[in-house]
Amino acid sequence: MSLAPDPANTPGTSRSTSATIQPNILSYLVTVADERGNDLRPLLEQVGLDETVMRSAALRVSYRQGSAVIRRALELTGDEHLGLKVGAAQHLTAWGLLGFALMADDTLRHAIETGVKYQNLSGAMVVWSAGIGEEDGAFVLRAELPDPATDPAVAVFLIEEGLASVVTLSRLAVGSAFAPRVVEFAFPPPRRSEPYGAVFGCPVRFGAPANRMVIDPAWARARMPGRDPVTYASTLELLDAQLASRRDQQDLLEVLEISVAQSLPAIPSFTEQARRHATSERTLRRRLADCDTTYEALVEGVRRERVEQLLLRPELTLRDIARRAGFSDERALRRAVRRWHGTSPVHLRERMRADRF
């Protein structure tokens, strides 16, 4: 979610409420937590992700769902380096067809570039970019948060997990001796930095301008042991088809979210949304089902985002917030916030403002 200057008057939303992310990170998070004696399954069930659902190949979770599970897992385990452990536990097979394409790619650099191109299919919760840096032709991989207002602890987890998984998967592909030249994190130095050196095997810097990994040219040129041009090309055709389908789904969800956000406190009926999209209710319902969501869930997500934005404005009363977010009264607002966060709007406001400032 993005914090707009005036969420009551500024149209627009984000994809944080839409279920478009493969739950790879959450699956490995459960495995790592199990090894530490922490059972995250009850937590997953609270957000509608029981074991049967988690095993579904078609499952997608929202950025909000994923962040909520990660935040609670950090609280339960008390492990400030949980992201490193989850990243170090991964394997290319978890990426499905994309992982197969990477194994069939030509060089490590090209495999990473392929991963960046198809990152929306990998379950990534950060935004990746890559290119040649200024350091004597070294290859640089960068990771950014899609939402700068992400909870700080969750943000550290996501960046740690992302960069640690790249190193882990690179070693599985080109050899255990692989190590970046340097890894840099934008967040402040942690209390203990030893775990970073153990995972990355190179100098690690904190408080840097960006989150990035610098890879020496020789390692970037390393050949992938399973390279196969024919297999790689045919796999990319399938990935392109998946990507096109995913874009259609994301576009639909984003358009609907924006429509609801612009209409608050009124909420367009499902019939009205079908009319606006020049389609039948049955077709629109089927398209949403293909996205693994419903119109009711989408509306709930947008209203939740609006409430969280409005709670950051101290001049607004709970009555004001309830009215602007489309609730009938303060009691309905309290029930919704309790369902979303397990606390009252007053306590949530205090916690959010403390986290922000």
# chains A, B, ... in the order shown; residues from 1 in each chain; ligands from 1
>>> residues_around(residues="Ala124 of chain A", least_positions_apart="5", cutoff="12 Å", atoms="only C-alpha atoms", output="MDAnalysis selection string")
chainID A and resid 20:26 60:63 66 87 94:95 115:119 143:146 158:159 161:163 165:166
>>> write_last_selection(atoms="N, CA, C and O atoms", output="CSV table (one decimal), in the first residue's frame")
chain,number,residue,atom,x,y,z
A,20,THR,N,-1.7,-12.1,-6.3
A,20,THR,CA,-1.0,-12.3,-7.6
A,20,THR,C,0.4,-12.9,-7.4
A,20,THR,O,1.2,-13.0,-8.3
A,21,ILE,N,0.8,-13.2,-6.1
A,21,ILE,CA,2.1,-13.7,-5.8
A,21,ILE,C,2.1,-15.1,-5.5
A,21,ILE,O,1.3,-15.6,-4.7
A,22,GLN,N,3.0,-15.9,-6.1
A,22,GLN,CA,3.1,-17.3,-5.8
A,22,GLN,C,3.7,-17.4,-4.4
A,22,GLN,O,4.6,-16.7,-4.0
A,23,PRO,N,3.2,-18.3,-3.5
A,23,PRO,CA,3.6,-18.4,-2.1
A,23,PRO,C,4.9,-19.1,-1.8
A,23,PRO,O,5.0,-19.8,-0.8
A,24,ASN,N,5.9,-19.0,-2.7
A,24,ASN,CA,7.1,-19.8,-2.5
A,24,ASN,C,7.8,-19.4,-1.2
A,24,ASN,O,8.3,-20.2,-0.4
A,25,ILE,N,7.9,-18.1,-0.9
A,25,ILE,CA,8.6,-17.6,0.3
A,25,ILE,C,7.8,-18.2,1.5
A,25,ILE,O,8.5,-18.6,2.5
A,26,LEU,N,6.5,-18.1,1.5
A,26,LEU,CA,5.8,-18.6,2.7
A,26,LEU,C,6.0,-20.1,2.9
A,26,LEU,O,6.1,-20.6,4.0
A,60,ARG,N,-2.3,-18.1,-5.4
A,60,ARG,CA,-1.6,-16.8,-5.3
A,60,ARG,C,-2.0,-16.1,-4.0
A,60,ARG,O,-3.1,-16.2,-3.6
A,61,VAL,N,-1.1,-15.4,-3.5
A,61,VAL,CA,-1.4,-14.6,-2.3
A,61,VAL,C,-1.1,-13.1,-2.6
A,61,VAL,O,-0.4,-12.8,-3.5
A,62,SER,N,-1.7,-12.3,-1.8
A,62,SER,CA,-1.5,-10.8,-2.0
A,62,SER,C,-0.2,-10.4,-1.2
A,62,SER,O,0.2,-11.1,-0.3
A,63,TYR,N,0.3,-9.3,-1.6
A,63,TYR,CA,1.5,-8.7,-0.9
A,63,TYR,C,1.1,-8.5,0.5
A,63,TYR,O,1.9,-8.7,1.4
A,66,GLY,N,1.1,-11.9,2.4
A,66,GLY,CA,2.5,-12.3,2.6
A,66,GLY,C,3.2,-11.6,3.7
A,66,GLY,O,3.9,-12.1,4.6
A,87,GLY,N,16.0,-17.6,2.7
A,87,GLY,CA,16.7,-17.5,1.4
A,87,GLY,C,17.7,-18.6,1.2
A,87,GLY,O,17.8,-19.2,0.1
A,94,ALA,N,11.6,-24.8,-6.7
A,94,ALA,CA,10.5,-24.1,-6.2
A,94,ALA,C,9.9,-23.1,-7.1
A,94,ALA,O,8.8,-22.6,-7.0
A,95,TRP,N,10.7,-22.7,-8.1
A,95,TRP,CA,10.3,-21.7,-9.1
A,95,TRP,C,9.6,-22.3,-10.3
A,95,TRP,O,9.3,-21.6,-11.3
A,115,GLY,N,15.7,-14.4,-14.9
A,115,GLY,CA,14.9,-14.3,-13.6
A,115,GLY,C,14.3,-13.0,-13.4
A,115,GLY,O,13.1,-12.8,-13.0
A,116,VAL,N,15.1,-11.9,-13.7
A,116,VAL,CA,14.6,-10.5,-13.5
A,116,VAL,C,13.4,-10.3,-14.5
A,116,VAL,O,12.4,-9.7,-14.1
A,117,LYS,N,13.5,-10.8,-15.7
A,117,LYS,CA,12.5,-10.5,-16.7
A,117,LYS,C,11.2,-11.2,-16.3
A,117,LYS,O,10.1,-10.6,-16.5
A,118,TYR,N,11.3,-12.4,-15.8
A,118,TYR,CA,10.0,-13.1,-15.4
A,118,TYR,C,9.8,-13.1,-13.9
A,118,TYR,O,9.2,-14.1,-13.4
A,119,GLN,N,10.2,-12.1,-13.2
A,119,GLN,CA,10.2,-12.1,-11.8
A,119,GLN,C,8.7,-12.2,-11.3
A,119,GLN,O,8.5,-12.7,-10.2
A,143,ALA,N,17.8,-4.9,-5.6
A,143,ALA,CA,16.5,-5.3,-5.0
A,143,ALA,C,15.9,-4.1,-4.3
A,143,ALA,O,16.5,-3.4,-3.5
A,144,GLU,N,14.7,-3.8,-4.7
A,144,GLU,CA,13.9,-2.7,-4.1
A,144,GLU,C,12.6,-3.2,-3.6
A,144,GLU,O,12.1,-4.2,-4.0
A,145,LEU,N,12.1,-2.5,-2.6
A,145,LEU,CA,10.8,-2.8,-2.0
A,145,LEU,C,9.7,-2.2,-2.9
A,145,LEU,O,9.8,-1.0,-3.3
A,146,PRO,N,8.6,-2.9,-3.2
A,146,PRO,CA,7.6,-2.3,-4.0
A,146,PRO,C,6.8,-1.2,-3.3
A,146,PRO,O,6.1,-0.4,-3.9
A,158,LEU,N,12.5,-9.3,3.7
A,158,LEU,CA,12.4,-9.5,2.2
A,158,LEU,C,13.7,-9.3,1.5
A,158,LEU,O,14.0,-10.0,0.5
A,159,ILE,N,14.4,-8.2,1.9
A,159,ILE,CA,15.7,-8.0,1.2
A,159,ILE,C,16.7,-9.1,1.5
A,159,ILE,O,17.4,-9.6,0.6
A,161,GLU,N,16.0,-12.2,2.4
A,161,GLU,CA,15.6,-13.4,1.7
A,161,GLU,C,15.9,-13.4,0.3
A,161,GLU,O,16.4,-14.4,-0.3
A,162,GLY,N,15.7,-12.2,-0.4
A,162,GLY,CA,15.9,-12.1,-1.8
A,162,GLY,C,17.3,-12.3,-2.2
A,162,GLY,O,17.7,-13.2,-3.1
A,163,LEU,N,18.2,-11.6,-1.6
A,163,LEU,CA,19.7,-11.7,-1.9
A,163,LEU,C,20.3,-13.0,-1.5
A,163,LEU,O,21.1,-13.6,-2.2
A,165,SER,N,18.7,-15.9,-1.3
A,165,SER,CA,18.2,-16.9,-2.3
A,165,SER,C,19.0,-16.9,-3.6
A,165,SER,O,19.3,-17.9,-4.1
A,166,VAL,N,19.4,-15.7,-4.0
A,166,VAL,CA,20.1,-15.6,-5.3
A,166,VAL,C,21.5,-16.3,-5.1
A,166,VAL,O,22.0,-17.0,-6.0
>>> residues_around(residues="Arg171 of chain A", least_positions_apart="4", cutoff="12 Å", atoms="only C-alpha atoms", output="PDB file with N, CA, C and O atoms, in the first residue's frame")
ATOM      1  N   ALA A  88      18.423 -19.028   2.287  1.00  0.00           N
ATOM      2  CA  ALA A  88      19.436 -20.072   2.173  1.00  0.00           C
ATOM      3  C   ALA A  88      18.828 -21.466   2.057  1.00  0.00           C
ATOM      4  O   ALA A  88      19.532 -22.429   1.717  1.00  0.00           O
ATOM      5  N   GLN A  90      16.366 -22.358  -0.050  1.00  0.00           N
ATOM      6  CA  GLN A  90      15.601 -22.517  -1.282  1.00  0.00           C
ATOM      7  C   GLN A  90      16.322 -23.325  -2.368  1.00  0.00           C
ATOM      8  O   GLN A  90      17.526 -23.546  -2.309  1.00  0.00           O
ATOM      9  N   HIS A  91      15.518 -23.737  -3.346  1.00  0.00           N
ATOM     10  CA  HIS A  91      16.028 -24.501  -4.484  1.00  0.00           C
ATOM     11  C   HIS A  91      15.308 -24.036  -5.747  1.00  0.00           C
ATOM     12  O   HIS A  91      14.164 -23.572  -5.689  1.00  0.00           O
ATOM     13  N   LEU A  92      15.969 -24.175  -6.878  1.00  0.00           N
ATOM     14  CA  LEU A  92      15.398 -23.725  -8.147  1.00  0.00           C
ATOM     15  C   LEU A  92      14.082 -24.429  -8.489  1.00  0.00           C
ATOM     16  O   LEU A  92      13.241 -23.871  -9.202  1.00  0.00           O
ATOM     17  N   LEU A 108      25.522 -17.681 -15.916  1.00  0.00           N
ATOM     18  CA  LEU A 108      24.902 -17.215 -14.674  1.00  0.00           C
ATOM     19  C   LEU A 108      24.300 -15.829 -14.867  1.00  0.00           C
ATOM     20  O   LEU A 108      23.170 -15.572 -14.418  1.00  0.00           O
ATOM     21  N   ALA A 164      19.837 -13.520  -0.336  1.00  0.00           N
ATOM     22  CA  ALA A 164      20.354 -14.819   0.114  1.00  0.00           C
ATOM     23  C   ALA A 164      19.914 -15.934  -0.827  1.00  0.00           C
ATOM     24  O   ALA A 164      20.680 -16.870  -1.103  1.00  0.00           O
ATOM     25  N   SER A 165      18.681 -15.853  -1.340  1.00  0.00           N
ATOM     26  CA  SER A 165      18.206 -16.899  -2.257  1.00  0.00           C
ATOM     27  C   SER A 165      18.992 -16.874  -3.562  1.00  0.00           C
ATOM     28  O   SER A 165      19.290 -17.928  -4.135  1.00  0.00           O
ATOM     29  N   VAL A 166      19.359 -15.690  -4.042  1.00  0.00           N
ATOM     30  CA  VAL A 166      20.141 -15.603  -5.285  1.00  0.00           C
ATOM     31  C   VAL A 166      21.499 -16.268  -5.104  1.00  0.00           C
ATOM     32  O   VAL A 166      21.965 -17.023  -5.973  1.00  0.00           O
ATOM     33  N   VAL A 167      22.162 -16.005  -3.984  1.00  0.00           N
ATOM     34  CA  VAL A 167      23.463 -16.630  -3.729  1.00  0.00           C
ATOM     35  C   VAL A 167      23.321 -18.141  -3.603  1.00  0.00           C
ATOM     36  O   VAL A 167      24.109 -18.909  -4.166  1.00  0.00           O
ATOM     37  N   GLY A 175      28.343 -23.895  -8.684  1.00  0.00           N
ATOM     38  CA  GLY A 175      29.349 -24.419  -7.771  1.00  0.00           C
ATOM     39  C   GLY A 175      29.344 -23.744  -6.413  1.00  0.00           C
ATOM     40  O   GLY A 175      29.042 -22.552  -6.298  1.00  0.00           O
ATOM     41  N   SER A 176      29.711 -24.506  -5.401  1.00  0.00           N
ATOM     42  CA  SER A 176      29.670 -24.000  -4.026  1.00  0.00           C
ATOM     43  C   SER A 176      30.687 -22.907  -3.753  1.00  0.00           C
ATOM     44  O   SER A 176      30.598 -22.198  -2.750  1.00  0.00           O
ATOM     45  N   ALA A 177      31.674 -22.749  -4.636  1.00  0.00           N
ATOM     46  CA  ALA A 177      32.692 -21.714  -4.433  1.00  0.00           C
ATOM     47  C   ALA A 177      32.180 -20.322  -4.803  1.00  0.00           C
ATOM     48  O   ALA A 177      32.852 -19.322  -4.508  1.00  0.00           O
ATOM     49  N   PHE A 178      31.007 -20.249  -5.427  1.00  0.00           N
ATOM     50  CA  PHE A 178      30.515 -18.942  -5.850  1.00  0.00           C
ATOM     51  C   PHE A 178      30.350 -18.002  -4.661  1.00  0.00           C
ATOM     52  O   PHE A 178      29.826 -18.379  -3.603  1.00  0.00           O
ATOM     53  N   ALA A 179      30.777 -16.757  -4.849  1.00  0.00           N
ATOM     54  CA  ALA A 179      30.554 -15.698  -3.861  1.00  0.00           C
ATOM     55  C   ALA A 179      30.543 -14.362  -4.589  1.00  0.00           C
ATOM     56  O   ALA A 179      31.320 -14.156  -5.532  1.00  0.00           O
ATOM     57  N   PRO A 180      29.658 -13.450  -4.210  1.00  0.00           N
ATOM     58  CA  PRO A 180      29.671 -12.121  -4.822  1.00  0.00           C
ATOM     59  C   PRO A 180      30.935 -11.367  -4.414  1.00  0.00           C
ATOM     60  O   PRO A 180      31.649 -11.768  -3.494  1.00  0.00           O
ATOM     61  N   VAL A 199      26.539 -16.410   5.183  1.00  0.00           N
ATOM     62  CA  VAL A 199      25.663 -16.701   4.044  1.00  0.00           C
ATOM     63  C   VAL A 199      26.287 -16.257   2.730  1.00  0.00           C
ATOM     64  O   VAL A 199      26.305 -17.007   1.744  1.00  0.00           O
ATOM     65  N   PHE A 200      26.839 -15.045   2.703  1.00  0.00           N
ATOM     66  CA  PHE A 200      27.283 -14.480   1.428  1.00  0.00           C
ATOM     67  C   PHE A 200      28.744 -14.776   1.104  1.00  0.00           C
ATOM     68  O   PHE A 200      29.131 -14.770  -0.058  1.00  0.00           O
ATOM     69  N   GLY A 201      29.581 -14.994   2.122  1.00  0.00           N
ATOM     70  CA  GLY A 201      30.980 -15.316   1.871  1.00  0.00           C
ATOM     71  C   GLY A 201      31.755 -14.187   1.234  1.00  0.00           C
ATOM     72  O   GLY A 201      32.690 -14.428   0.451  1.00  0.00           O
ATOM     73  N   TRP A 219      32.589 -14.734 -12.671  1.00  0.00           N
ATOM     74  CA  TRP A 219      31.460 -15.523 -12.188  1.00  0.00           C
ATOM     75  C   TRP A 219      30.220 -15.271 -13.043  1.00  0.00           C
ATOM     76  O   TRP A 219      29.432 -16.180 -13.303  1.00  0.00           O
ATOM     77  N   ALA A 222      30.173 -17.524 -15.919  1.00  0.00           N
ATOM     78  CA  ALA A 222      30.211 -18.962 -15.641  1.00  0.00           C
ATOM     79  C   ALA A 222      29.079 -19.678 -16.363  1.00  0.00           C
ATOM     80  O   ALA A 222      27.923 -19.233 -16.342  1.00  0.00           O
ATOM     81  N   MET A 224      26.196 -22.336 -17.144  1.00  0.00           N
ATOM     82  CA  MET A 224      25.239 -23.140 -16.399  1.00  0.00           C
ATOM     83  C   MET A 224      25.421 -24.598 -16.803  1.00  0.00           C
ATOM     84  O   MET A 224      25.433 -24.909 -18.015  1.00  0.00           O
ATOM     85  N   PRO A 225      25.572 -25.505 -15.861  1.00  0.00           N
ATOM     86  CA  PRO A 225      25.874 -26.905 -16.207  1.00  0.00           C
ATOM     87  C   PRO A 225      24.766 -27.604 -16.980  1.00  0.00           C
ATOM     88  O   PRO A 225      25.042 -28.554 -17.727  1.00  0.00           O
TER      89      PRO A 225
END
>>> atom_distance(atom1="atom CA of Pro217 of chain A", atom2="atom CA of Phe139 of chain A")
6.4 Å
>>> residues_around(residues="Leu288 of chain A", least_positions_apart="4", cutoff="9 Å", atoms="only C-alpha atoms", output="PyMOL selection string")
chain A and resi 249+252-253+283-284+292-295
>>> write_last_selection(atoms="all heavy atoms", output="PDB file, in the first residue's frame")
ATOM      1  N   GLN A 249      -4.580 -10.599 -15.773  1.00  0.00           N
ATOM      2  CA  GLN A 249      -5.178 -10.724 -14.447  1.00  0.00           C
ATOM      3  C   GLN A 249      -4.856  -9.515 -13.592  1.00  0.00           C
ATOM      4  O   GLN A 249      -5.731  -8.945 -12.924  1.00  0.00           O
ATOM      5  CB  GLN A 249      -4.669 -12.002 -13.763  1.00  0.00           C
ATOM      6  CG  GLN A 249      -5.158 -13.285 -14.409  1.00  0.00           C
ATOM      7  CD  GLN A 249      -4.630 -14.511 -13.697  1.00  0.00           C
ATOM      8  OE1 GLN A 249      -3.849 -14.414 -12.755  1.00  0.00           O
ATOM      9  NE2 GLN A 249      -5.059 -15.672 -14.144  1.00  0.00           N
ATOM     10  N   LEU A 252      -6.826  -6.449 -14.668  1.00  0.00           N
ATOM     11  CA  LEU A 252      -8.214  -6.501 -14.226  1.00  0.00           C
ATOM     12  C   LEU A 252      -8.324  -6.134 -12.753  1.00  0.00           C
ATOM     13  O   LEU A 252      -9.163  -5.307 -12.366  1.00  0.00           O
ATOM     14  CB  LEU A 252      -8.780  -7.905 -14.450  1.00  0.00           C
ATOM     15  CG  LEU A 252     -10.157  -8.165 -13.826  1.00  0.00           C
ATOM     16  CD1 LEU A 252     -11.223  -7.311 -14.499  1.00  0.00           C
ATOM     17  CD2 LEU A 252     -10.516  -9.652 -13.918  1.00  0.00           C
ATOM     18  N   LEU A 253      -7.483  -6.735 -11.917  1.00  0.00           N
ATOM     19  CA  LEU A 253      -7.554  -6.475 -10.480  1.00  0.00           C
ATOM     20  C   LEU A 253      -7.251  -5.015 -10.170  1.00  0.00           C
ATOM     21  O   LEU A 253      -7.916  -4.391  -9.342  1.00  0.00           O
ATOM     22  CB  LEU A 253      -6.582  -7.390  -9.735  1.00  0.00           C
ATOM     23  CG  LEU A 253      -6.911  -8.885  -9.799  1.00  0.00           C
ATOM     24  CD1 LEU A 253      -5.793  -9.703  -9.168  1.00  0.00           C
ATOM     25  CD2 LEU A 253      -8.229  -9.180  -9.115  1.00  0.00           C
ATOM     26  N   THR A 283     -19.214 -13.690 -16.558  1.00  0.00           N
ATOM     27  CA  THR A 283     -17.856 -13.630 -17.105  1.00  0.00           C
ATOM     28  C   THR A 283     -16.910 -12.931 -16.140  1.00  0.00           C
ATOM     29  O   THR A 283     -15.776 -13.393 -15.917  1.00  0.00           O
ATOM     30  CB  THR A 283     -17.850 -12.892 -18.457  1.00  0.00           C
ATOM     31  OG1 THR A 283     -18.668 -13.616 -19.383  1.00  0.00           O
ATOM     32  CG2 THR A 283     -16.434 -12.772 -19.002  1.00  0.00           C
ATOM     33  N   LEU A 284     -17.355 -11.825 -15.548  1.00  0.00           N
ATOM     34  CA  LEU A 284     -16.501 -11.097 -14.612  1.00  0.00           C
ATOM     35  C   LEU A 284     -16.200 -11.960 -13.390  1.00  0.00           C
ATOM     36  O   LEU A 284     -15.073 -11.985 -12.888  1.00  0.00           O
ATOM     37  CB  LEU A 284     -17.163  -9.790 -14.192  1.00  0.00           C
ATOM     38  CG  LEU A 284     -16.344  -8.893 -13.252  1.00  0.00           C
ATOM     39  CD1 LEU A 284     -14.991  -8.552 -13.866  1.00  0.00           C
ATOM     40  CD2 LEU A 284     -17.112  -7.616 -12.928  1.00  0.00           C
ATOM     41  N   ASP A 292      -8.053 -16.125  -8.532  1.00  0.00           N
ATOM     42  CA  ASP A 292      -8.106 -16.686  -7.180  1.00  0.00           C
ATOM     43  C   ASP A 292      -8.647 -15.677  -6.169  1.00  0.00           C
ATOM     44  O   ASP A 292      -8.176 -15.593  -5.028  1.00  0.00           O
ATOM     45  CB  ASP A 292      -6.725 -17.174  -6.736  1.00  0.00           C
ATOM     46  CG  ASP A 292      -6.773 -18.565  -6.142  1.00  0.00           C
ATOM     47  OD1 ASP A 292      -7.736 -19.291  -6.425  1.00  0.00           O
ATOM     48  OD2 ASP A 292      -5.852 -18.923  -5.395  1.00  0.00           O
ATOM     49  N   THR A 293      -9.633 -14.885  -6.574  1.00  0.00           N
ATOM     50  CA  THR A 293     -10.223 -13.927  -5.650  1.00  0.00           C
ATOM     51  C   THR A 293     -11.686 -13.717  -5.996  1.00  0.00           C
ATOM     52  O   THR A 293     -12.215 -14.314  -6.929  1.00  0.00           O
ATOM     53  CB  THR A 293      -9.454 -12.591  -5.672  1.00  0.00           C
ATOM     54  OG1 THR A 293      -9.881 -11.775  -4.570  1.00  0.00           O
ATOM     55  CG2 THR A 293      -9.678 -11.840  -6.984  1.00  0.00           C
ATOM     56  N   THR A 294     -12.345 -12.867  -5.227  1.00  0.00           N
ATOM     57  CA  THR A 294     -13.737 -12.503  -5.463  1.00  0.00           C
ATOM     58  C   THR A 294     -13.853 -10.986  -5.385  1.00  0.00           C
ATOM     59  O   THR A 294     -12.950 -10.306  -4.877  1.00  0.00           O
ATOM     60  CB  THR A 294     -14.662 -13.125  -4.403  1.00  0.00           C
ATOM     61  OG1 THR A 294     -14.323 -12.562  -3.111  1.00  0.00           O
ATOM     62  CG2 THR A 294     -14.522 -14.643  -4.364  1.00  0.00           C
ATOM     63  N   TYR A 295     -14.972 -10.472  -5.854  1.00  0.00           N
ATOM     64  CA  TYR A 295     -15.172  -9.033  -5.776  1.00  0.00           C
ATOM     65  C   TYR A 295     -15.264  -8.591  -4.324  1.00  0.00           C
ATOM     66  O   TYR A 295     -14.746  -7.529  -3.948  1.00  0.00           O
ATOM     67  CB  TYR A 295     -16.446  -8.635  -6.534  1.00  0.00           C
ATOM     68  CG  TYR A 295     -16.685  -7.144  -6.570  1.00  0.00           C
ATOM     69  CD1 TYR A 295     -15.750  -6.280  -7.129  1.00  0.00           C
ATOM     70  CD2 TYR A 295     -17.857  -6.591  -6.049  1.00  0.00           C
ATOM     71  CE1 TYR A 295     -15.959  -4.909  -7.175  1.00  0.00           C
ATOM     72  CE2 TYR A 295     -18.085  -5.224  -6.082  1.00  0.00           C
ATOM     73  CZ  TYR A 295     -17.134  -4.389  -6.638  1.00  0.00           C
ATOM     74  OH  TYR A 295     -17.348  -3.032  -6.667  1.00  0.00           O
TER      75      TYR A 295
END
>>> closest_residue(among="A:Ala274, A:Val182, A:Ile321, A:Val299", to="Ala138 of chain A", atoms="only C-alpha atoms")
A:Val182
>>> residues_around(residues="Val183 of chain A", least_positions_apart="6", cutoff="10 Å", atoms="only C-alpha atoms", output="list in words")
Val140, Leu141, Arg142, Leu163, Ala164, Tyr196, Gly197, Phe200, Gly201, Cys202, Pro203, Val204, Arg205, Phe206, Ala208, Asn211, Arg212, Met213, Val214 and Ile215 of chain A
>>> residues_around(residues="Val154 of chain A", least_positions_apart="3", cutoff="10 Å", atoms="only C-alpha atoms", output="VMD selection string")
chain A and resid 66 to 74 80 83 150 to 151 157 to 160
>>> write_last_selection(atoms="C-alpha atoms", output="mmCIF file, in the first residue's frame")
data_model
loop_
_atom_site.group_PDB
_atom_site.id
_atom_site.type_symbol
_atom_site.label_atom_id
_atom_site.label_comp_id
_atom_site.auth_asym_id
_atom_site.auth_seq_id
_atom_site.Cartn_x
_atom_site.Cartn_y
_atom_site.Cartn_z
ATOM 1 C CA GLY A 66 2.477 -12.348 2.616
ATOM 2 C CA SER A 67 3.670 -9.381 4.666
ATOM 3 C CA ALA A 68 1.242 -10.164 7.494
ATOM 4 C CA VAL A 69 2.459 -13.770 7.740
ATOM 5 C CA ILE A 70 6.112 -12.686 7.658
ATOM 6 C CA ARG A 71 5.552 -10.045 10.339
ATOM 7 C CA ARG A 72 3.923 -12.547 12.658
ATOM 8 C CA ALA A 73 6.593 -15.180 11.954
ATOM 9 C CA LEU A 74 9.279 -12.691 12.971
ATOM 10 C CA GLU A 80 16.035 -11.036 13.285
ATOM 11 C CA GLY A 83 15.137 -13.781 6.002
ATOM 12 C CA THR A 150 6.575 -1.608 4.282
ATOM 13 C CA ASP A 151 6.952 -2.518 7.944
ATOM 14 C CA PHE A 157 13.320 -9.912 5.887
ATOM 15 C CA LEU A 158 12.359 -9.476 2.227
ATOM 16 C CA ILE A 159 15.708 -7.975 1.177
ATOM 17 C CA GLU A 160 17.665 -10.560 3.166
#
>>> residues_around(residues="segment 231-244 of chain A", least_positions_apart="2", cutoff="9 Å", atoms="only C-alpha atoms", output="PyMOL selection string")
chain A and resi 97-98+100-106+118+120-121+227-229+246-249
>>> select_by_dssp(residues="segment 104-267 of chain A", states="strand (DSSP E or B)", output="ChimeraX atom specification")
/A:107,127-132,139-144,182-184,204-205,211-215,223
>>> closest_residue(among="A:Arg64, A:Ser328, A:Val30, A:Thr107", to="Leu76 of chain A", atoms="only C-alpha atoms")
A:Val30
>>> select_by_dssp(residues="segment 203-327 of chain A", states="helix (DSSP H, G or I)", output="PyMOL selection string")
chain A and resi 217-220+229-263+270-276+281-290+295-311+318-324
>>> closest_residue(among="A:Pro152, A:Gly301, A:Gly326, A:Pro314", to="Trp340 of chain A", atoms="only C-alpha atoms")
A:Gly301
>>> decode(residues="segment 289-302 of chain A", atoms="N, CA and C atoms", output="PDB file, in the first residue's frame")
ATOM      1  N   ALA A 289     -12.360 -15.401 -10.461  1.00  0.00           N
ATOM      2  CA  ALA A 289     -12.035 -16.734  -9.949  1.00  0.00           C
ATOM      3  C   ALA A 289     -10.704 -17.210 -10.528  1.00  0.00           C
ATOM      4  N   ASP A 290     -10.429 -16.873 -11.786  1.00  0.00           N
ATOM      5  CA  ASP A 290      -9.141 -17.220 -12.395  1.00  0.00           C
ATOM      6  C   ASP A 290      -7.994 -16.527 -11.682  1.00  0.00           C
ATOM      7  N   CYS A 291      -8.290 -15.374 -11.080  1.00  0.00           N
ATOM      8  CA  CYS A 291      -7.291 -14.637 -10.297  1.00  0.00           C
ATOM      9  C   CYS A 291      -7.262 -15.101  -8.845  1.00  0.00           C
ATOM     10  N   ASP A 292      -8.053 -16.125  -8.532  1.00  0.00           N
ATOM     11  CA  ASP A 292      -8.106 -16.686  -7.180  1.00  0.00           C
ATOM     12  C   ASP A 292      -8.647 -15.677  -6.169  1.00  0.00           C
ATOM     13  N   THR A 293      -9.633 -14.885  -6.574  1.00  0.00           N
ATOM     14  CA  THR A 293     -10.223 -13.927  -5.650  1.00  0.00           C
ATOM     15  C   THR A 293     -11.686 -13.717  -5.996  1.00  0.00           C
ATOM     16  N   THR A 294     -12.345 -12.867  -5.227  1.00  0.00           N
ATOM     17  CA  THR A 294     -13.737 -12.503  -5.463  1.00  0.00           C
ATOM     18  C   THR A 294     -13.853 -10.986  -5.385  1.00  0.00           C
ATOM     19  N   TYR A 295     -14.972 -10.472  -5.854  1.00  0.00           N
ATOM     20  CA  TYR A 295     -15.172  -9.033  -5.776  1.00  0.00           C
ATOM     21  C   TYR A 295     -15.264  -8.591  -4.324  1.00  0.00           C
ATOM     22  N   GLU A 296     -15.901  -9.407  -3.491  1.00  0.00           N
ATOM     23  CA  GLU A 296     -16.032  -9.060  -2.078  1.00  0.00           C
ATOM     24  C   GLU A 296     -14.659  -8.961  -1.405  1.00  0.00           C
ATOM     25  N   ALA A 297     -13.767  -9.893  -1.732  1.00  0.00           N
ATOM     26  CA  ALA A 297     -12.421  -9.860  -1.146  1.00  0.00           C
ATOM     27  C   ALA A 297     -11.651  -8.641  -1.640  1.00  0.00           C
ATOM     28  N   LEU A 298     -11.835  -8.301  -2.896  1.00  0.00           N
ATOM     29  CA  LEU A 298     -11.148  -7.136  -3.450  1.00  0.00           C
ATOM     30  C   LEU A 298     -11.624  -5.857  -2.768  1.00  0.00           C
ATOM     31  N   VAL A 299     -12.944  -5.714  -2.589  1.00  0.00           N
ATOM     32  CA  VAL A 299     -13.491  -4.542  -1.904  1.00  0.00           C
ATOM     33  C   VAL A 299     -12.959  -4.472  -0.476  1.00  0.00           C
ATOM     34  N   GLU A 300     -12.926  -5.607   0.192  1.00  0.00           N
ATOM     35  CA  GLU A 300     -12.417  -5.652   1.559  1.00  0.00           C
ATOM     36  C   GLU A 300     -10.976  -5.157   1.618  1.00  0.00           C
ATOM     37  N   GLY A 301     -10.160  -5.575   0.656  1.00  0.00           N
ATOM     38  CA  GLY A 301      -8.767  -5.153   0.633  1.00  0.00           C
ATOM     39  C   GLY A 301      -8.612  -3.664   0.428  1.00  0.00           C
ATOM     40  N   VAL A 302      -9.401  -3.090  -0.479  1.00  0.00           N
ATOM     41  CA  VAL A 302      -9.312  -1.653  -0.736  1.00  0.00           C
ATOM     42  C   VAL A 302      -9.769  -0.854   0.489  1.00  0.00           C
TER      43      VAL A 302
END
